[in-house]
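In what follows, a single structure is set out as structure tokens and then discussed.
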Protein chains: 2
Amino acid sequence: MRDRSSRTVSYSVDLVLVTAMGNDLAVLLTRSTGERERWALPWRIPQAGETLDGAANRGAHEALGEPPSWMEQIGAFGDAKRHPGDVDISVAYVGLVPHETASPRAGYTWFPITEVPPVSPRQRAMVEAATKTIQARLDQAPIAFRLLPATFTLSELQQMYELLLGKRLHKASFRRALQAAWLVEPTDEWRSEGRGRPAQLFRYLPKKRRRAQRGVRFDFLFP
Amino acid sequence: MRDRSSRTVSYSVDLVLVTAMGNDLAVLLTRSTGERERWALPWRIPQAGETLDGAANRGAHEALGEPPSWMEQIGAFGDAKRHPGDVDISVAYVGLVPHETASPRAGYTWFPITEVPPVSPRQRAMVEAATKTIQARLDQAPIAFRLLPATFTLSELQQMYELLLGKRLHKASFRRALQAAWLVEPTDEWRSEGRGRPAQLFRYLPKKRRRAQRGVRFDFLFP
DNA sequence: GACTTTAGTCGCTAAAAGTGACTAATTCGC
DNA sequence: GCGAATTAGTCACTTTTAGCGACTAAAGTC
């Protein structure tokens, strides 16, 4: 086996845990043990025999008391940027949690993603990469649902997409696309939210369907 | 500084260098120094002070004699799967090269991606992740052009997209979309390829344009 | 009970994508 | 030399999809 007992460990697993708080995304931070930095992303040193995914899940569970509803590796970060653990490289994960059910353990706090306090440059880069990953995954996986509770109104779902996309959507178009995708199922519950007509609650329940066969899309922006 | 002199190093940078060879993608492999595995992806141990991207670029340059036309980190791989360098984790990169200009150094060979000989399980996973990354980047970045020489016919471009997407495209639709995207510019050269009408050569030259503002797309396949 | 607010739907229009047929320019066989 | 075959490039029509405003529905407010 390897020498893991020395003070200098080679790599860490860092977590960008994200939730939707009000009209903003929020990131979970914890007090840093180092001196220079006050706040830091949660991070762990993988134990002997532990996989990267395993260490990420363990860290997330320890920070939140529950596993994230979705998690994915972002990549490895190194490049001489400092890390609170003084490790060579750090493997970052992004995880999503619905805000309603997420009650962080003591010492962990949600920060609006636009107001993240100074963290180490390496972790700063991870937060930026995480938002990019979330945006990129939006039309590849049903991650918007992972930020919502088990049942939700269609307006809440649309607001979540608007938050993630950073732009307004037209109600009728949004619902037409949603209908065509067979992703949600109505429940028999309704929610009355102050004034206005009560909204029906839906749950995420994808049904089998073919992938829409679309042609090539050249709608990327070249750098 | 760290102790890097011991035989056991902590991490490597591995390269999935891809080109288009005929009607298939091909991956660059080299003879493995280990005993069990015969072939391996090119990999490097980052030198002191070298960034991950830097090590990847160095490795690619050493293997190909030129830098890839596009490269991106795929992620970190560990998880107890064996690696020829016996490192804890490996950071994988995918890189693209046009086949015409790519002449690998001695000891490196292109293998059709469907006929990759047995490599270490960890590197096997990297090759699979690389193909997924290429597919995913297709409509986010102009990577198809990175597999073609500087000038090309529109039929060649379409064939490249068909290869990457794994399906046939309709000629008129493809060209209509391409026209709308302002991505290519005609040269005044034509190429006569045996029989048939000669084709005009184009070059990749994106012009400024707005991103097509499309709505939400729910056309992912849920797992 | 009129007004406001939010939910949900309808139908028209505009834009985009699928498709087959057409013209153009070359090589090949004879 | 000339017609068939082959590949390039374009056109026009149809179908699908998205944008958008206006409409009805059901609640609270005053």
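Each chain of the structure tokens is named A, B, ... in the order shown, its residues numbered from 1; ligands are numbered from 1 in display order.
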
Next on the checklist: With only C-alpha atoms (C1' of nucleotides) considered, list every residue of chain C at most 12 Å from chain B, as a VMD selection string.
Outcome noted: chain C and resid 15 to 21 23 to 28

Would you mind exporting the chosen residues as a tab-separated table (two decimals), in the first residue's frame, restricted to C-alpha atoms (C1' of nucleotides)?
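Contents of result.tsv, freshly written:
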```
chain	number	residue	atom	x	y	z
C	15	DA	C1'	-39.54	30.21	-37.75
C	16	DA	C1'	-37.17	25.97	-38.32
C	17	DA	C1'	-36.55	21.29	-39.94
C	18	DG	C1'	-37.65	17.15	-43.04
C	19	DT	C1'	-37.86	15.67	-47.69
C	20	DG	C1'	-37.78	14.64	-52.62
C	21	DA	C1'	-36.90	16.49	-56.79
C	23	DT	C1'	-30.03	21.39	-62.05
C	24	DA	C1'	-24.80	21.38	-62.63
C	25	DA	C1'	-20.39	19.57	-63.62
C	26	DT	C1'	-17.49	16.08	-63.90
C	27	DT	C1'	-15.71	10.88	-65.18
C	28	DC	C1'	-16.45	6.49	-67.36
```

Checklist entry - Quick one: which residues from chain B are at most 6 Å off chain A, using only C-alpha atoms, as an NGL selection string? => result :B and (51 or 75-76 or 79 or 139-141 or 217 or 220)

Go ahead and dump the residues you just picked, C-alpha atoms, as a CSV table (one decimal), in the first residue's frame.
```csv
chain,number,residue,atom,x,y,z
B,51,THR,CA,-0.1,22.5,-14.5
B,75,GLY,CA,-12.2,14.3,-15.4
B,76,ALA,CA,-10.4,12.3,-12.8
B,79,ASP,CA,-11.7,3.9,-8.2
B,139,ASP,CA,-23.5,21.2,-30.3
B,140,GLN,CA,-21.7,23.4,-27.8
B,141,ALA,CA,-18.4,24.0,-29.7
B,217,ARG,CA,-35.5,21.7,-24.5
B,220,PHE,CA,-32.9,14.5,-22.9
```

Checklist entry - Mind listing as JSON, numbers by chain which residues of chain D are within 6 Å of chain A, counting only C-alpha atoms (C1' of nucleotides)? => result {"D": [26, 27, 28]}

Next on the checklist: Run DSSP on the backbone and tell me which residues of segment 60-130 of chain B come out as strand (DSSP E or B); list them as a PyMOL selection string.
Outcome noted: chain B and resi 70-77+89-97+108-112

Mind writing the picked residues with N, CA and C atoms as a PDB file, in the first residue's frame?
```pdb
ATOM      1  N   TRP B  70      -7.668  20.764 -30.528  1.00  0.00           N
ATOM      2  CA  TRP B  70      -8.608  21.045 -29.431  1.00  0.00           C
ATOM      3  C   TRP B  70      -8.343  20.045 -28.323  1.00  0.00           C
ATOM      4  N   MET B  71      -8.409  20.498 -27.093  1.00  0.00           N
ATOM      5  CA  MET B  71      -8.196  19.577 -25.986  1.00  0.00           C
ATOM      6  C   MET B  71      -9.013  20.038 -24.788  1.00  0.00           C
ATOM      7  N   GLU B  72      -9.473  19.078 -24.024  1.00  0.00           N
ATOM      8  CA  GLU B  72     -10.284  19.417 -22.851  1.00  0.00           C
ATOM      9  C   GLU B  72     -10.153  18.314 -21.821  1.00  0.00           C
ATOM     10  N   GLN B  73     -10.170  18.720 -20.565  1.00  0.00           N
ATOM     11  CA  GLN B  73     -10.100  17.716 -19.505  1.00  0.00           C
ATOM     12  C   GLN B  73     -11.415  16.949 -19.423  1.00  0.00           C
ATOM     13  N   ILE B  74     -11.329  15.650 -19.263  1.00  0.00           N
ATOM     14  CA  ILE B  74     -12.543  14.841 -19.106  1.00  0.00           C
ATOM     15  C   ILE B  74     -12.901  14.711 -17.638  1.00  0.00           C
ATOM     16  N   GLY B  75     -11.915  14.474 -16.819  1.00  0.00           N
ATOM     17  CA  GLY B  75     -12.173  14.279 -15.401  1.00  0.00           C
ATOM     18  C   GLY B  75     -11.108  13.410 -14.770  1.00  0.00           C
ATOM     19  N   ALA B  76     -11.313  13.120 -13.500  1.00  0.00           N
ATOM     20  CA  ALA B  76     -10.363  12.302 -12.754  1.00  0.00           C
ATOM     21  C   ALA B  76     -10.899  10.881 -12.642  1.00  0.00           C
ATOM     22  N   PHE B  77     -10.021   9.935 -12.819  1.00  0.00           N
ATOM     23  CA  PHE B  77     -10.406   8.535 -12.748  1.00  0.00           C
ATOM     24  C   PHE B  77      -9.561   7.853 -11.687  1.00  0.00           C
ATOM     25  N   ILE B  89      -4.717   8.159  -8.808  1.00  0.00           N
ATOM     26  CA  ILE B  89      -5.753   8.654  -9.717  1.00  0.00           C
ATOM     27  C   ILE B  89      -5.100   9.189 -10.978  1.00  0.00           C
ATOM     28  N   SER B  90      -5.908   9.274 -12.006  1.00  0.00           N
ATOM     29  CA  SER B  90      -5.430   9.756 -13.295  1.00  0.00           C
ATOM     30  C   SER B  90      -6.404  10.804 -13.818  1.00  0.00           C
ATOM     31  N   VAL B  91      -5.856  11.905 -14.277  1.00  0.00           N
ATOM     32  CA  VAL B  91      -6.681  12.959 -14.865  1.00  0.00           C
ATOM     33  C   VAL B  91      -6.624  12.790 -16.377  1.00  0.00           C
ATOM     34  N   ALA B  92      -7.788  12.578 -16.969  1.00  0.00           N
ATOM     35  CA  ALA B  92      -7.839  12.279 -18.399  1.00  0.00           C
ATOM     36  C   ALA B  92      -8.164  13.517 -19.209  1.00  0.00           C
ATOM     37  N   TYR B  93      -7.564  13.594 -20.385  1.00  0.00           N
ATOM     38  CA  TYR B  93      -7.850  14.661 -21.346  1.00  0.00           C
ATOM     39  C   TYR B  93      -8.240  14.029 -22.670  1.00  0.00           C
ATOM     40  N   VAL B  94      -9.137  14.696 -23.377  1.00  0.00           N
ATOM     41  CA  VAL B  94      -9.442  14.293 -24.741  1.00  0.00           C
ATOM     42  C   VAL B  94      -8.917  15.381 -25.665  1.00  0.00           C
ATOM     43  N   GLY B  95      -8.281  14.942 -26.746  1.00  0.00           N
ATOM     44  CA  GLY B  95      -7.739  15.885 -27.717  1.00  0.00           C
ATOM     45  C   GLY B  95      -8.081  15.444 -29.124  1.00  0.00           C
ATOM     46  N   LEU B  96      -8.245  16.422 -30.002  1.00  0.00           N
ATOM     47  CA  LEU B  96      -8.589  16.124 -31.393  1.00  0.00           C
ATOM     48  C   LEU B  96      -7.476  16.568 -32.324  1.00  0.00           C
ATOM     49  N   VAL B  97      -7.277  15.780 -33.381  1.00  0.00           N
ATOM     50  CA  VAL B  97      -6.297  16.135 -34.408  1.00  0.00           C
ATOM     51  C   VAL B  97      -6.884  15.803 -35.765  1.00  0.00           C
ATOM     52  N   TYR B 108       3.908   5.146 -31.437  1.00  0.00           N
ATOM     53  CA  TYR B 108       2.493   5.491 -31.266  1.00  0.00           C
ATOM     54  C   TYR B 108       1.712   5.042 -32.490  1.00  0.00           C
ATOM     55  N   THR B 109       0.538   4.477 -32.265  1.00  0.00           N
ATOM     56  CA  THR B 109      -0.261   3.938 -33.361  1.00  0.00           C
ATOM     57  C   THR B 109      -1.725   4.304 -33.186  1.00  0.00           C
ATOM     58  N   TRP B 110      -2.371   4.606 -34.311  1.00  0.00           N
ATOM     59  CA  TRP B 110      -3.819   4.856 -34.295  1.00  0.00           C
ATOM     60  C   TRP B 110      -4.573   3.535 -34.307  1.00  0.00           C
ATOM     61  N   PHE B 111      -5.562   3.416 -33.440  1.00  0.00           N
ATOM     62  CA  PHE B 111      -6.447   2.252 -33.449  1.00  0.00           C
ATOM     63  C   PHE B 111      -7.878   2.727 -33.645  1.00  0.00           C
ATOM     64  N   PRO B 112      -8.620   2.087 -34.562  1.00  0.00           N
ATOM     65  CA  PRO B 112     -10.051   2.410 -34.668  1.00  0.00           C
ATOM     66  C   PRO B 112     -10.709   2.259 -33.299  1.00  0.00           C
TER      67      PRO B 112
END
```

Next on the checklist: Using only C-alpha atoms (C1' of nucleotides), can you tell me which of C:DC22, C:DT4, C:DG11, C:DG29 comes closest to DG3 of chain D?
Outcome noted: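 Of the candidates, the smallest distance to DG3 of chain D is held by C:DG29.
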
Next on the checklist: Please compute the atom CA of Ala102 of chain B-atom CA of Tyr204 of chain B distance, one decimal, in Å.
Outcome noted: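 Atom CA of Tyr204 of chain B lies at a distance of 18.7 Å from atom CA of Ala102 of chain B.
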
As a PDB file with C-alpha atoms, in the first residue's frame, please: all residues of segment 19-87 of chain B that backbone DSSP puts in helix (DSSP H, G or I).
```pdb
ATOM      1  CA  LEU B  52      -2.441  19.703 -15.432  1.00  0.00           C
ATOM      2  CA  ASP B  53      -3.210  21.388 -18.735  1.00  0.00           C
ATOM      3  CA  GLY B  54       0.483  21.922 -19.244  1.00  0.00           C
ATOM      4  CA  ALA B  55       1.311  18.282 -18.694  1.00  0.00           C
ATOM      5  CA  ALA B  56      -1.453  17.256 -21.076  1.00  0.00           C
ATOM      6  CA  ASN B  57      -0.203  19.592 -23.768  1.00  0.00           C
ATOM      7  CA  ARG B  58       3.349  18.407 -23.297  1.00  0.00           C
ATOM      8  CA  GLY B  59       2.292  14.777 -23.590  1.00  0.00           C
ATOM      9  CA  ALA B  60       0.231  15.441 -26.690  1.00  0.00           C
ATOM     10  CA  HIS B  61       3.030  17.333 -28.321  1.00  0.00           C
ATOM     11  CA  GLU B  62       5.515  14.589 -27.546  1.00  0.00           C
ATOM     12  CA  ALA B  63       3.213  11.963 -29.002  1.00  0.00           C
ATOM     13  CA  LEU B  64       2.090  13.795 -32.114  1.00  0.00           C
TER      14      LEU B  64
END
```

Kindly provide the residues of segment 124-173 of chain B that approach segment 22-45 of chain B to within 9 Å, each paired with its closest atom pair and their distance in Å to one decimal, based on only C-alpha atoms, listed by chain and increasing number, as JSON lines.
```
{"residue": "B:Val127", "atom": "CA", "partner": "B:Val27", "partner_atom": "CA", "distance": 8.2}
{"residue": "B:Gln159", "atom": "CA", "partner": "B:Asn23", "partner_atom": "CA", "distance": 8.5}
{"residue": "B:Met160", "atom": "CA", "partner": "B:Asn23", "partner_atom": "CA", "distance": 8.6}
{"residue": "B:Leu163", "atom": "CA", "partner": "B:Asn23", "partner_atom": "CA", "distance": 6.8}
{"residue": "B:Leu164", "atom": "CA", "partner": "B:Leu25", "partner_atom": "CA", "distance": 8.2}
```

Please identify all polymer residues within 12 Å of DC12 of chain C, counting only C-alpha atoms (C1' of nucleotides), omitting same-chain residues fewer than 6 positions from it, and present them as a PDB file with C-alpha atoms (C1' of nucleotides), in the first residue's frame.
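To be explicit, this is the file written out as selection_36.pdb:
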```
ATOM      1  C1'  DG D  19     -43.222  32.694 -29.934  1.00  0.00           C
ATOM      2  C1'  DC D  20     -46.888  35.339 -28.510  1.00  0.00           C
ATOM      3  C1'  DG D  21     -51.139  37.595 -27.157  1.00  0.00           C
ATOM      4  C1'  DA D  22     -55.533  36.898 -25.661  1.00  0.00           C
TER       5       DA D  22
END
```

Item to check | Length of the atom CA of Ile113 of chain B to atom CA of Thr131 of chain B vector [Å] | outcome: 9.0 Å

Item to check | Straight-line distance linking atom CA of Gly65 of chain B with atom CA of Pro117 of chain B, stated in Å to one decimal | outcome: 23.7 Å

Checklist entry - So which one's closest to Ser12 of chain A, A:Ser69, A:Pro84, A:Phe145, A:Ala106? Using only C-alpha atoms, please. => result A:Pro84

Next on the checklist: Set the distance at 12 Å and use only C-alpha atoms (C1' of nucleotides): which residues neighbour DC23 of chain D once local chain neighbours fewer than 3 positions away are removed? I'd like the list as a list of chain:residue names.
Outcome noted: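 The residues satisfying every condition are C:DG8, C:DT9, C:DC10, C:DG11.
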